[in-house]
file coords-v9.csv (CSV, C-alpha atoms)
chain,number,residue,atom,x,y,z
G,1,MET,CA,0.0,0.0,0.0
G,2,ARG,CA,2.8,2.3,1.0
G,3,LYS,CA,4.5,1.6,-2.3
G,4,THR,CA,1.4,2.3,-4.2
G,5,LEU,CA,1.0,5.6,-2.5
G,6,LEU,CA,4.6,6.5,-3.2
G,7,LEU,CA,3.9,6.0,-6.9
G,8,LEU,CA,0.5,7.8,-7.0
G,9,VAL,CA,1.6,11.0,-5.3
G,10,PRO,CA,4.3,11.9,-7.9
G,11,ALA,CA,2.0,10.9,-10.7
G,12,ALA,CA,-0.7,13.2,-9.5
G,13,ALA,CA,1.7,16.0,-9.0
G,14,LEU,CA,3.1,15.5,-12.5
G,15,PHE,CA,-0.5,15.5,-13.8
G,16,LEU,CA,-1.3,18.8,-12.1
G,17,ILE,CA,1.9,20.4,-13.4
G,18,VAL,CA,1.3,19.3,-17.0
G,19,SER,CA,-2.4,20.3,-17.0
G,20,CYS,CA,-1.6,23.8,-15.6
G,21,ALA,CA,1.4,24.4,-17.9
G,22,SER,CA,-0.4,25.6,-21.1
G,23,PRO,CA,-3.5,27.5,-20.4
G,24,PRO,CA,-6.1,28.0,-23.3
G,25,GLU,CA,-5.8,31.1,-25.6
G,26,THR,CA,-8.0,33.9,-24.7
G,27,VAL,CA,-7.0,36.8,-27.2
G,28,GLU,CA,-7.8,36.4,-30.9
G,29,GLU,CA,-5.1,37.7,-33.3
G,30,LEU,CA,-6.1,40.2,-36.3
G,31,PRO,CA,-5.7,38.8,-39.8
G,32,GLU,CA,-2.7,40.2,-41.6
G,33,ALA,CA,-3.1,43.7,-43.0
G,34,PRO,CA,-4.1,43.7,-46.8
G,35,GLU,CA,-1.0,45.7,-47.8
G,36,LYS,CA,-0.8,44.2,-51.2
G,37,GLU,CA,-4.4,44.9,-52.1
G,38,TYR,CA,-4.1,48.4,-50.6
G,39,ALA,CA,-1.0,49.2,-52.7
G,40,GLN,CA,-2.6,47.8,-55.9
G,41,ALA,CA,-5.8,49.8,-55.4
G,42,LYS,CA,-3.8,53.0,-54.8
G,43,GLU,CA,-1.7,52.3,-58.0
G,44,LEU,CA,-4.9,51.9,-60.1
G,45,ARG,CA,-6.5,54.9,-58.5
G,46,GLN,CA,-3.4,57.0,-59.3
G,47,LEU,CA,-3.5,55.8,-62.9
G,48,ILE,CA,-7.1,56.9,-63.3
G,49,ASP,CA,-6.3,60.2,-61.8
G,50,ASP,CA,-3.2,60.7,-64.0
G,51,TYR,CA,-5.2,60.2,-67.2
G,52,ASP,CA,-8.6,61.5,-66.0
G,53,LEU,CA,-10.1,58.2,-66.8
G,54,ASP,CA,-13.0,58.6,-64.3
G,55,ALA,CA,-15.1,60.8,-66.6
G,56,ALA,CA,-15.7,57.9,-69.0
G,57,SER,CA,-17.4,55.7,-66.3
G,58,PRO,CA,-18.4,58.0,-63.4
G,59,THR,CA,-20.7,55.6,-61.7
G,60,ALA,CA,-18.3,52.7,-61.7
G,61,TYR,CA,-15.6,55.0,-60.5
G,62,GLN,CA,-17.7,56.4,-57.7
G,63,SER,CA,-18.5,52.9,-56.5
G,64,ALA,CA,-14.9,51.9,-56.6
G,65,GLU,CA,-14.0,55.0,-54.6
G,66,GLU,CA,-16.5,54.1,-51.9
G,67,SER,CA,-15.0,50.7,-51.6
G,68,PHE,CA,-11.5,52.2,-51.4
G,69,GLN,CA,-12.6,54.5,-48.6
G,70,GLU,CA,-14.3,51.6,-46.8
G,71,GLY,CA,-11.0,49.7,-47.1
G,72,GLU,CA,-9.0,52.6,-45.7
G,73,ALA,CA,-11.4,53.0,-42.8
G,74,ALA,CA,-11.2,49.4,-41.9
G,75,TYR,CA,-7.5,49.0,-42.5
G,76,GLY,CA,-5.8,48.0,-39.2
G,77,LYS,CA,-9.1,47.6,-37.4
G,78,ASP,CA,-10.9,45.0,-39.4
G,79,ASN,CA,-8.3,43.8,-42.0
G,80,ALA,CA,-10.6,41.1,-43.4
G,81,ALA,CA,-13.2,43.7,-44.2
G,82,ALA,CA,-10.5,46.1,-45.5
G,83,LYS,CA,-9.2,43.3,-47.8
G,84,THR,CA,-12.6,42.7,-49.2
G,85,ALA,CA,-13.2,46.4,-49.7
G,86,PHE,CA,-9.9,46.9,-51.5
G,87,GLN,CA,-10.5,43.9,-53.7
G,88,GLU,CA,-13.8,45.4,-54.7
G,89,ALA,CA,-12.2,48.8,-55.3
G,90,ILE,CA,-9.5,47.1,-57.4
G,91,LYS,CA,-12.1,45.4,-59.6
G,92,GLY,CA,-14.0,48.7,-59.9
G,93,TYR,CA,-10.9,50.6,-60.9
G,94,GLN,CA,-9.9,47.9,-63.4
G,95,ASP,CA,-13.4,48.1,-64.9
G,96,VAL,CA,-13.0,51.9,-65.2
G,97,ILE,CA,-9.6,51.6,-66.8
G,98,SER,CA,-10.5,48.8,-69.2
G,99,ASP,CA,-13.5,50.9,-70.3
G,100,ALA,CA,-11.8,54.4,-70.5
G,101,PHE,CA,-8.3,53.7,-71.5
G,102,PRO,CA,-9.0,52.4,-75.0
G,103,GLN,CA,-11.3,55.3,-75.6
G,104,LEU,CA,-8.6,57.8,-74.5
G,105,VAL,CA,-6.0,56.1,-76.7
G,106,GLY,CA,-8.5,56.1,-79.6
G,107,ARG,CA,-9.0,59.9,-79.2
G,108,ARG,CA,-5.3,60.6,-79.0
G,109,GLN,CA,-4.8,58.3,-82.0
G,110,SER,CA,-7.2,60.5,-84.0
G,111,GLU,CA,-5.5,63.7,-82.9
G,112,VAL,CA,-2.1,62.3,-83.9
G,113,ASP,CA,-3.5,61.0,-87.2
G,114,ALA,CA,-4.6,64.5,-88.0
G,115,VAL,CA,-1.1,65.9,-87.4
G,116,LYS,CA,0.3,63.0,-89.5
G,117,GLN,CA,-2.1,63.7,-92.3
G,118,ALA,CA,-1.1,67.3,-92.4
G,119,ALA,CA,2.5,66.2,-92.7
G,120,ASP,CA,1.6,63.7,-95.4
G,121,GLU,CA,-0.3,66.3,-97.4
G,122,LEU,CA,2.8,68.5,-97.3
G,123,LYS,CA,4.8,65.5,-98.6
G,124,ALA,CA,7.0,65.6,-95.6
G,125,SER,CA,8.0,62.0,-96.2
G,126,VAL,CA,10.0,63.2,-99.1
G,127,ALA,CA,10.9,66.7,-97.9
G,128,VAL,CA,12.3,65.6,-94.6
G,129,LYS,CA,12.7,61.9,-95.3
G,130,GLU,CA,14.7,60.7,-92.3
G,131,LYS,CA,12.9,62.6,-89.7
G,132,TYR,CA,9.6,61.6,-91.1
G,133,ALA,CA,10.7,57.9,-91.0
G,134,ALA,CA,11.7,58.3,-87.3
G,135,ALA,CA,8.2,59.8,-86.5
G,136,LEU,CA,6.5,57.0,-88.4
G,137,SER,CA,8.5,54.4,-86.6
G,138,ILE,CA,7.3,55.7,-83.2
G,139,TYR,CA,3.7,56.0,-84.6
G,140,ASP,CA,3.9,52.4,-85.6
G,141,GLN,CA,5.2,51.3,-82.2
G,142,ALA,CA,2.3,53.2,-80.6
G,143,ALA,CA,-0.2,51.3,-82.8
G,144,ALA,CA,1.5,48.0,-81.8
G,145,ALA,CA,1.3,48.9,-78.1
G,146,ARG,CA,-2.4,49.8,-78.5
G,147,GLU,CA,-3.0,46.6,-80.3
G,148,ALA,CA,-1.4,44.7,-77.4
G,149,GLY,CA,-3.5,46.5,-74.9
G,150,ASN,CA,-0.6,48.4,-73.5
G,151,PHE,CA,-2.4,51.7,-73.4
G,152,GLU,CA,-0.2,53.6,-71.1
G,153,GLU,CA,2.8,52.9,-73.4
G,154,ALA,CA,0.7,53.6,-76.4
G,155,LEU,CA,-0.2,57.0,-75.0
G,156,LYS,CA,3.5,57.9,-74.4
G,157,LEU,CA,4.4,56.8,-77.9
G,158,LEU,CA,1.6,58.7,-79.4
G,159,ASP,CA,2.7,61.9,-77.6
G,160,GLU,CA,6.2,61.4,-78.9
G,161,ALA,CA,5.0,60.7,-82.4
G,162,GLU,CA,2.8,63.8,-82.4
G,163,GLU,CA,5.7,66.0,-81.4
G,164,LEU,CA,7.9,64.5,-84.1
G,165,PHE,CA,5.2,64.8,-86.8
G,166,LYS,CA,4.7,68.5,-85.8
G,167,ALA,CA,8.4,69.1,-86.1
G,168,VAL,CA,8.5,67.3,-89.4
G,169,TYR,CA,5.6,69.4,-90.7
G,170,ALA,CA,7.2,72.7,-89.6
G,171,GLU,CA,10.5,71.8,-91.3
G,172,ALA,CA,8.8,70.7,-94.5
G,173,LYS,CA,6.7,73.9,-94.5
G,174,VAL,CA,9.8,76.1,-94.3
G,175,LYS,CA,11.5,74.2,-97.1
G,176,LYS,CA,8.4,74.4,-99.3
G,177,GLU,CA,8.0,78.1,-98.7
G,178,ARG,CA,11.7,78.7,-99.5
G,179,ALA,CA,11.4,76.8,-102.8
G,180,GLU,CA,8.1,78.6,-103.7
G,181,GLN,CA,9.8,81.9,-103.0
G,182,SER,CA,12.7,81.1,-105.2
G,183,MET,CA,10.6,79.7,-108.0
G,184,SER,CA,8.4,82.7,-108.0
G,185,GLU,CA,11.5,84.9,-108.3
G,186,THR,CA,12.9,82.8,-111.1
G,187,GLY,CA,9.5,82.8,-112.9
G,188,GLY,CA,9.5,86.6,-112.6
G,189,SER,CA,13.0,86.8,-114.0
G,190,ILE,CA,12.1,84.5,-117.0
G,191,GLU,CA,9.0,86.6,-117.7
G,192,SER,CA,11.1,89.8,-117.4
G,193,PHE,CA,13.6,88.4,-119.9
G,194,GLU,CA,10.9,87.5,-122.3
G,195,ASP,CA,9.5,91.0,-122.0
G,196,ILE,CA,12.9,92.5,-122.7
G,197,VAL,CA,13.3,90.3,-125.8
G,198,GLU,CA,9.8,91.2,-127.0
G,199,GLU,CA,10.6,94.9,-126.6
G,200,ILE,CA,14.0,94.5,-128.4
G,201,GLU,CA,12.6,92.5,-131.2
G,202,GLY,CA,9.6,94.8,-131.5
G,203,GLN,CA,11.8,97.8,-132.3
D,1,MET,CA,40.8,95.2,-141.7
D,2,LYS,CA,38.7,96.9,-139.1
D,3,LYS,CA,36.0,97.6,-141.6
D,4,ILE,CA,36.0,93.9,-142.7
D,5,ILE,CA,35.6,92.7,-139.1
D,6,LEU,CA,32.8,95.2,-138.4
D,7,ALA,CA,31.2,94.2,-141.6
D,8,CYS,CA,31.4,90.5,-140.7
D,9,ILE,CA,29.9,91.3,-137.2
D,10,GLY,CA,27.2,93.3,-138.9
D,11,ILE,CA,26.3,90.5,-141.3
D,12,LEU,CA,26.1,88.1,-138.4
D,13,LEU,CA,24.0,90.4,-136.3
D,14,PHE,CA,21.8,91.3,-139.2
D,15,THR,CA,21.2,87.7,-140.2
D,16,SER,CA,20.5,86.7,-136.6
D,17,LEU,CA,18.4,89.6,-135.4
D,18,ALA,CA,16.9,91.1,-138.5
D,19,CYS,CA,16.4,87.8,-140.3
D,20,GLY,CA,14.2,86.1,-137.6
D,21,GLN,CA,16.5,84.4,-135.1
D,22,SER,CA,14.9,85.4,-131.8
D,23,LEU,CA,16.9,86.3,-128.8
D,24,LEU,CA,14.9,83.6,-127.1
D,25,ASP,CA,16.8,81.1,-129.1
D,26,ASN,CA,19.4,81.2,-126.5
D,27,ALA,CA,21.1,78.3,-124.7
D,28,ASP,CA,21.1,80.0,-121.3
D,29,TYR,CA,17.4,80.8,-121.7
D,30,ARG,CA,16.6,77.3,-122.7
D,31,LYS,CA,18.6,75.9,-119.8
D,32,ALA,CA,16.8,78.2,-117.3
D,33,LYS,CA,13.4,77.1,-118.7
D,34,GLU,CA,14.4,73.4,-118.3
D,35,LEU,CA,15.6,74.0,-114.8
D,36,GLN,CA,12.4,75.8,-113.8
D,37,ARG,CA,10.5,72.8,-115.3
D,38,LEU,CA,12.6,70.4,-113.2
D,39,ALA,CA,12.0,72.6,-110.1
D,40,GLU,CA,8.2,72.4,-110.6
D,41,GLN,CA,8.5,68.6,-110.9
D,42,ALA,CA,10.6,68.3,-107.8
D,43,MET,CA,8.1,70.6,-106.0
D,44,ALA,CA,5.2,68.4,-107.0
D,45,GLU,CA,7.0,65.4,-105.6
D,46,GLY,CA,7.7,67.2,-102.3
D,47,ASP,CA,11.5,67.4,-102.9
D,48,TYR,CA,11.6,71.0,-101.8
D,49,ASP,CA,15.4,71.2,-101.4
D,50,GLN,CA,15.9,70.0,-104.9
D,51,ALA,CA,13.2,72.3,-106.2
D,52,TYR,CA,15.0,75.2,-104.5
D,53,ALA,CA,18.4,74.1,-105.9
D,54,TYR,CA,17.0,73.9,-109.5
D,55,SER,CA,15.3,77.2,-109.2
D,56,GLU,CA,18.4,79.0,-107.9
D,57,GLU,CA,20.4,77.5,-110.8
D,58,ALA,CA,17.7,78.7,-113.2
D,59,LYS,CA,18.1,82.2,-111.8
D,60,GLU,CA,21.8,82.2,-112.7
D,61,TYR,CA,21.1,81.0,-116.3
D,62,ILE,CA,18.3,83.5,-116.9
D,63,ALA,CA,20.6,86.3,-115.6
D,64,LYS,CA,23.3,85.2,-118.1
D,65,ALA,CA,20.7,85.0,-120.9
D,66,GLU,CA,19.5,88.5,-120.1
D,67,GLU,CA,23.0,89.8,-120.1
D,68,VAL,CA,23.8,88.1,-123.4
D,69,ALA,CA,20.5,89.4,-125.0
D,70,VAL,CA,21.0,92.9,-123.9
D,71,ARG,CA,24.6,92.8,-125.1
D,72,ARG,CA,23.5,91.5,-128.5
D,73,TRP,CA,20.8,94.1,-128.7
D,74,LEU,CA,23.3,96.9,-127.9
D,75,GLN,CA,25.7,95.4,-130.4
D,76,TYR,CA,23.0,95.3,-133.1
D,77,ARG,CA,22.0,99.0,-132.3
D,78,ALA,CA,25.7,100.1,-132.3
D,79,TYR,CA,26.2,98.3,-135.6
D,80,ASN,CA,23.2,100.1,-137.1
D,81,TRP,CA,24.2,103.5,-135.8
D,82,ASN,CA,27.8,103.0,-137.1
D,83,ARG,CA,26.5,101.9,-140.5
D,84,GLN,CA,24.2,105.0,-140.7
D,85,ALA,CA,27.1,107.2,-139.6
D,86,GLY,CA,29.5,105.7,-142.2
D,87,ASP,CA,26.9,106.0,-144.9
D,88,ARG,CA,26.3,109.6,-144.0
D,89,LEU,CA,30.0,110.4,-143.9
D,90,ALA,CA,30.5,108.7,-147.3
D,91,TYR,CA,27.5,110.7,-148.7
D,92,VAL,CA,28.9,114.0,-147.4
D,93,LYS,CA,32.2,113.3,-148.9
D,94,ALA,CA,30.6,112.3,-152.2
D,95,ILE,CA,28.9,115.6,-152.5
D,96,GLY,CA,32.0,117.5,-151.6
D,97,GLY,CA,31.0,118.2,-148.1
D,98,ASP,CA,34.4,117.3,-146.9
D,99,VAL,CA,35.5,120.6,-148.5
D,100,THR,CA,32.5,122.9,-148.1
D,101,TYR,CA,31.8,121.7,-144.5
D,102,ALA,CA,35.4,120.8,-143.7
D,103,ASP,CA,35.2,121.5,-140.0
D,104,ALA,CA,32.0,119.5,-139.5
D,105,TYR,CA,33.2,116.7,-141.7
D,106,ASN,CA,36.6,116.4,-140.0
D,107,GLN,CA,35.0,116.4,-136.6
D,108,ALA,CA,32.5,113.8,-137.8
D,109,ALA,CA,35.2,111.6,-139.3
D,110,GLU,CA,37.1,111.8,-136.0
D,111,ARG,CA,33.9,110.8,-134.1
D,112,PHE,CA,33.3,108.0,-136.5
D,113,GLU,CA,36.7,106.6,-135.9
D,114,ARG,CA,36.0,106.7,-132.2
D,115,ALA,CA,32.7,105.0,-132.7
D,116,GLN,CA,34.3,102.2,-134.5
D,117,GLN,CA,37.0,101.8,-131.9
D,118,ALA,CA,34.4,101.7,-129.2
D,119,PHE,CA,32.5,99.1,-131.1
D,120,GLU,CA,35.6,96.9,-131.5
D,121,ALA,CA,36.2,97.3,-127.8
D,122,GLU,CA,32.6,96.1,-127.3
D,123,ASN,CA,31.8,99.4,-125.7
D,124,TYR,CA,28.5,99.5,-127.6
D,125,GLU,CA,26.8,102.3,-125.7
D,126,GLN,CA,29.8,104.6,-126.2
D,127,SER,CA,30.0,103.6,-129.8
D,128,ILE,CA,26.3,104.6,-130.3
D,129,THR,CA,26.9,107.9,-128.6
D,130,TYR,CA,29.8,108.7,-131.1
D,131,ALA,CA,27.8,107.5,-134.1
D,132,LYS,CA,24.9,109.8,-133.1
D,133,GLU,CA,27.4,112.7,-132.8
D,134,VAL,CA,28.5,112.0,-136.4
D,135,MET,CA,24.9,112.2,-137.5
D,136,ALA,CA,24.3,115.4,-135.5
D,137,LEU,CA,27.5,117.1,-136.9
D,138,LEU,CA,26.5,116.3,-140.5
D,139,GLU,CA,22.8,117.0,-140.0
D,140,ASP,CA,22.8,120.3,-141.8
D,141,VAL,CA,25.1,119.3,-144.7
D,142,ARG,CA,23.3,119.6,-148.0
D,143,ALA,CA,24.5,119.1,-151.5
D,144,ALA,CA,25.4,122.4,-153.2
D,145,PRO,CA,22.7,123.4,-155.6
D,146,LYS,CA,23.8,122.9,-159.3

call {"tool": "encode", "arguments": {"input": "coords-v9.csv", "output": "structure tokens"}}
result
Amino acid sequence: MRKTLLLLVPAAALFLIVSCASPPETVEELPEAPEKEYAQAKELRQLIDDYDLDAASPTAYQSAEESFQEGEAAYGKDNAAAKTAFQEAIKGYQDVISDAFPQLVGRRQSEVDAVKQAADELKASVAVKEKYAAALSIYDQAAAAREAGNFEEALKLLDEAEELFKAVYAEAKVKKERAEQSMSETGGSIESFEDIVEEIEGQ
Amino acid sequence: MKKIILACIGILLFTSLACGQSLLDNADYRKAKELQRLAEQAMAEGDYDQAYAYSEEAKEYIAKAEEVAVRRWLQYRAYNWNRQAGDRLAYVKAIGGDVTYADAYNQAAERFERAQQAFEAENYEQSITYAKEVMALLEDVRAAPK
């Protein structure tokens, strides 16, 4: 009996120690902050702002903005709700961009086409051959970027092409005017010579 | 010798100007016209630099053509004035004017010599001036009534 007691007492003590060693959790941890979603939403929002894309889809943009603000309000307090809100904002912004960006690029393309057409009508491809070829190359790259859906790149290239075509047009115009002036003077000299001859031979 | 040269020049001028060869039949004029045509063609193609170059070259040719034409015209006029002056001088001498109007005749003969020298030196305007003086000096010379 004594032996049995000697074995039971340490066992009970050991049981008590083990059972008290790791008490159950009482504080629940917050989910990780949705940094990635927040950053992406901000990036898309900035893109819309940079190119004034909101005007093309004002309702969708407003809805995305509300989600974004909800996300910011919940961020750090209820990260799960913030994440959901940012995801909704991202989708809304993406819808705005996918709707407005092609329209914007299309409008810029039309504007650059008009500048290019003016240069073409002036025969700038002959008058300033190399510079025209450089402008055309950028213009073609813009078209390829647009085709590939790379609208931001397309816009940058269109801006560049527009500047180059304007410069090409201006240079060709100066050359044309110089040639016209010279030809007018030469024509006048030829007519004057013919008049002199007529006068001489009429005597 | 001088008279032969003058006569040859006169024949050439007379045949070219008086017998229908126009001053427009001139290599420089034709070249200027051709260059102007090329300039118009280059202009239509948009090659404005080339058009300008052709046009400027045409200007040089037309200036040369004008210079040549005016020179030929002056040469022709000087030849005609010299011929008239020579004829008048010969006429005055033939009617004895070299004796009855000796001063005028001698002055006129001297002017005629200068007119011919100026013509040979291709100073045609001066030659015309001298030839006109010959005509003026002998203007009042009349044949003595018989």

call {"tool": "closest_atom_pairs", "arguments": {"input": "coords-v9.csv", "of": "chain G", "to": "chain D", "cutoff": "7 Å", "atoms": "all atoms listed in the file", "output": "tab-separated table"}}
result
residue	atom	partner	partner_atom	distance
G:Lys123	CA	D:Gly46	CA	5.0
G:Ala124	CA	D:Gly46	CA	6.9
G:Val126	CA	D:Gly46	CA	5.6
G:Ala127	CA	D:Asp47	CA	5.1
G:Lys175	CA	D:Tyr48	CA	5.7
G:Lys176	CA	D:Tyr48	CA	5.3
G:Arg178	CA	D:Tyr52	CA	6.9
G:Ala179	CA	D:Tyr52	CA	4.3
G:Ser182	CA	D:Ser55	CA	6.2
G:Met183	CA	D:Ser55	CA	5.5
G:Thr186	CA	D:Lys59	CA	5.3
G:Ser189	CA	D:Ile62	CA	6.9
G:Ile190	CA	D:Ile62	CA	6.3
G:Phe193	CA	D:Glu66	CA	5.9
G:Val197	CA	D:Leu23	CA	6.2
G:Ile200	CA	D:Trp73	CA	6.8

call {"tool": "atom_distance", "arguments": {"input": "coords-v9.csv", "atom1": "atom CA of Phe86 of chain G", "atom2": "atom CA of Gly71 of chain G"}}
result
5.3 Å

call {"tool": "atom_distance", "arguments": {"input": "coords-v9.csv", "atom1": "atom CA of Lys116 of chain G", "atom2": "atom CA of Glu163 of chain G"}}
result
10.2 Å

call {"tool": "atom_distance", "arguments": {"input": "coords-v9.csv", "atom1": "atom CA of Asn150 of chain G", "atom2": "atom CA of Thr84 of chain G"}}
result
27.7 Å

call {"tool": "closest_residue", "arguments": {"input": "coords-v9.csv", "among": "G:Ala41, G:Val115, G:Ala133, G:Leu157", "to": "Gln94 of chain G", "atoms": "all atoms listed in the file"}}
result
G:Ala41

call {"tool": "closest_residue", "arguments": {"input": "coords-v9.csv", "among": "G:Ala118, G:Leu44, G:Glu66, G:Arg107", "to": "Asp95 of chain G", "atoms": "only C-alpha atoms"}}
result
G:Leu44

call {"tool": "closest_residue", "arguments": {"input": "coords-v9.csv", "among": "D:Leu38, D:Ala118, D:Ala27, D:Leu137", "to": "Tyr79 of chain D", "atoms": "all atoms listed in the file"}}
result
D:Ala118

call {"tool": "residues_around", "arguments": {"input": "coords-v9.csv", "residues": "Gln84 of chain D", "least_positions_apart": "3", "cutoff": "12 Å", "atoms": "all atoms listed in the file", "output": "list of chain:residue names"}}
result
D:Arg77, D:Ala78, D:Tyr79, D:Asn80, D:Trp81, D:Asp87, D:Arg88, D:Leu89, D:Ala90, D:Tyr91, D:Phe112, D:Ala115, D:Ile128, D:Tyr130, D:Ala131, D:Lys132, D:Glu133, D:Val134, D:Met135, D:Ala136, D:Leu138

call {"tool": "residues_around", "arguments": {"input": "coords-v9.csv", "residues": "Arg142 of chain D", "least_positions_apart": "6", "cutoff": "10 Å", "atoms": "only C-alpha atoms", "output": "number ranges by chain"}}
result
D: 91-92, 95-97, 100-101

call {"tool": "write_last_selection", "arguments": {"input": "coords-v9.csv", "atoms": "C-alpha atoms", "output": "JSON list (two decimals), keeping the file's coordinate frame"}}
result
[["chain", "number", "residue", "atom", "x", "y", "z"],
["D", 91, "TYR", "CA", 27.50, 110.70, -148.70],
["D", 92, "VAL", "CA", 28.90, 114.00, -147.40],
["D", 95, "ILE", "CA", 28.90, 115.60, -152.50],
["D", 96, "GLY", "CA", 32.00, 117.50, -151.60],
["D", 97, "GLY", "CA", 31.00, 118.20, -148.10],
["D", 100, "THR", "CA", 32.50, 122.90, -148.10],
["D", 101, "TYR", "CA", 31.80, 121.70, -144.50]]

call {"tool": "closest_residue", "arguments": {"input": "coords-v9.csv", "among": "D:Gln41, D:Ala94, D:Ala85, D:Asp103", "to": "Ser127 of chain D", "atoms": "only C-alpha atoms"}}
result
D:Ala85

call {"tool": "residues_around", "arguments": {"input": "coords-v9.csv", "residues": "Leu158 of chain G", "least_positions_apart": "3", "cutoff": "8 Å", "atoms": "all atoms listed in the file", "output": "CSV table (one decimal) with C-alpha atoms, in the coordinates of the input"}}
result
chain,number,residue,atom,x,y,z
G,108,ARG,CA,-5.3,60.6,-79.0
G,109,GLN,CA,-4.8,58.3,-82.0
G,112,VAL,CA,-2.1,62.3,-83.9
G,138,ILE,CA,7.3,55.7,-83.2
G,139,TYR,CA,3.7,56.0,-84.6
G,142,ALA,CA,2.3,53.2,-80.6
G,154,ALA,CA,0.7,53.6,-76.4
G,155,LEU,CA,-0.2,57.0,-75.0
G,161,ALA,CA,5.0,60.7,-82.4
G,162,GLU,CA,2.8,63.8,-82.4

call {"tool": "residues_around", "arguments": {"input": "coords-v9.csv", "residues": "Asp54 of chain G", "least_positions_apart": "5", "cutoff": "9 Å", "atoms": "only C-alpha atoms", "output": "PyMOL selection string"}}
result
chain G and resi 48-49+59-62+93+96-97+100

call {"tool": "closest_residue", "arguments": {"input": "coords-v9.csv", "among": "D:Asp28, D:Ala108, D:Gln75, D:Pro145", "to": "Glu120 of chain D", "atoms": "all atoms listed in the file"}}
result
D:Gln75
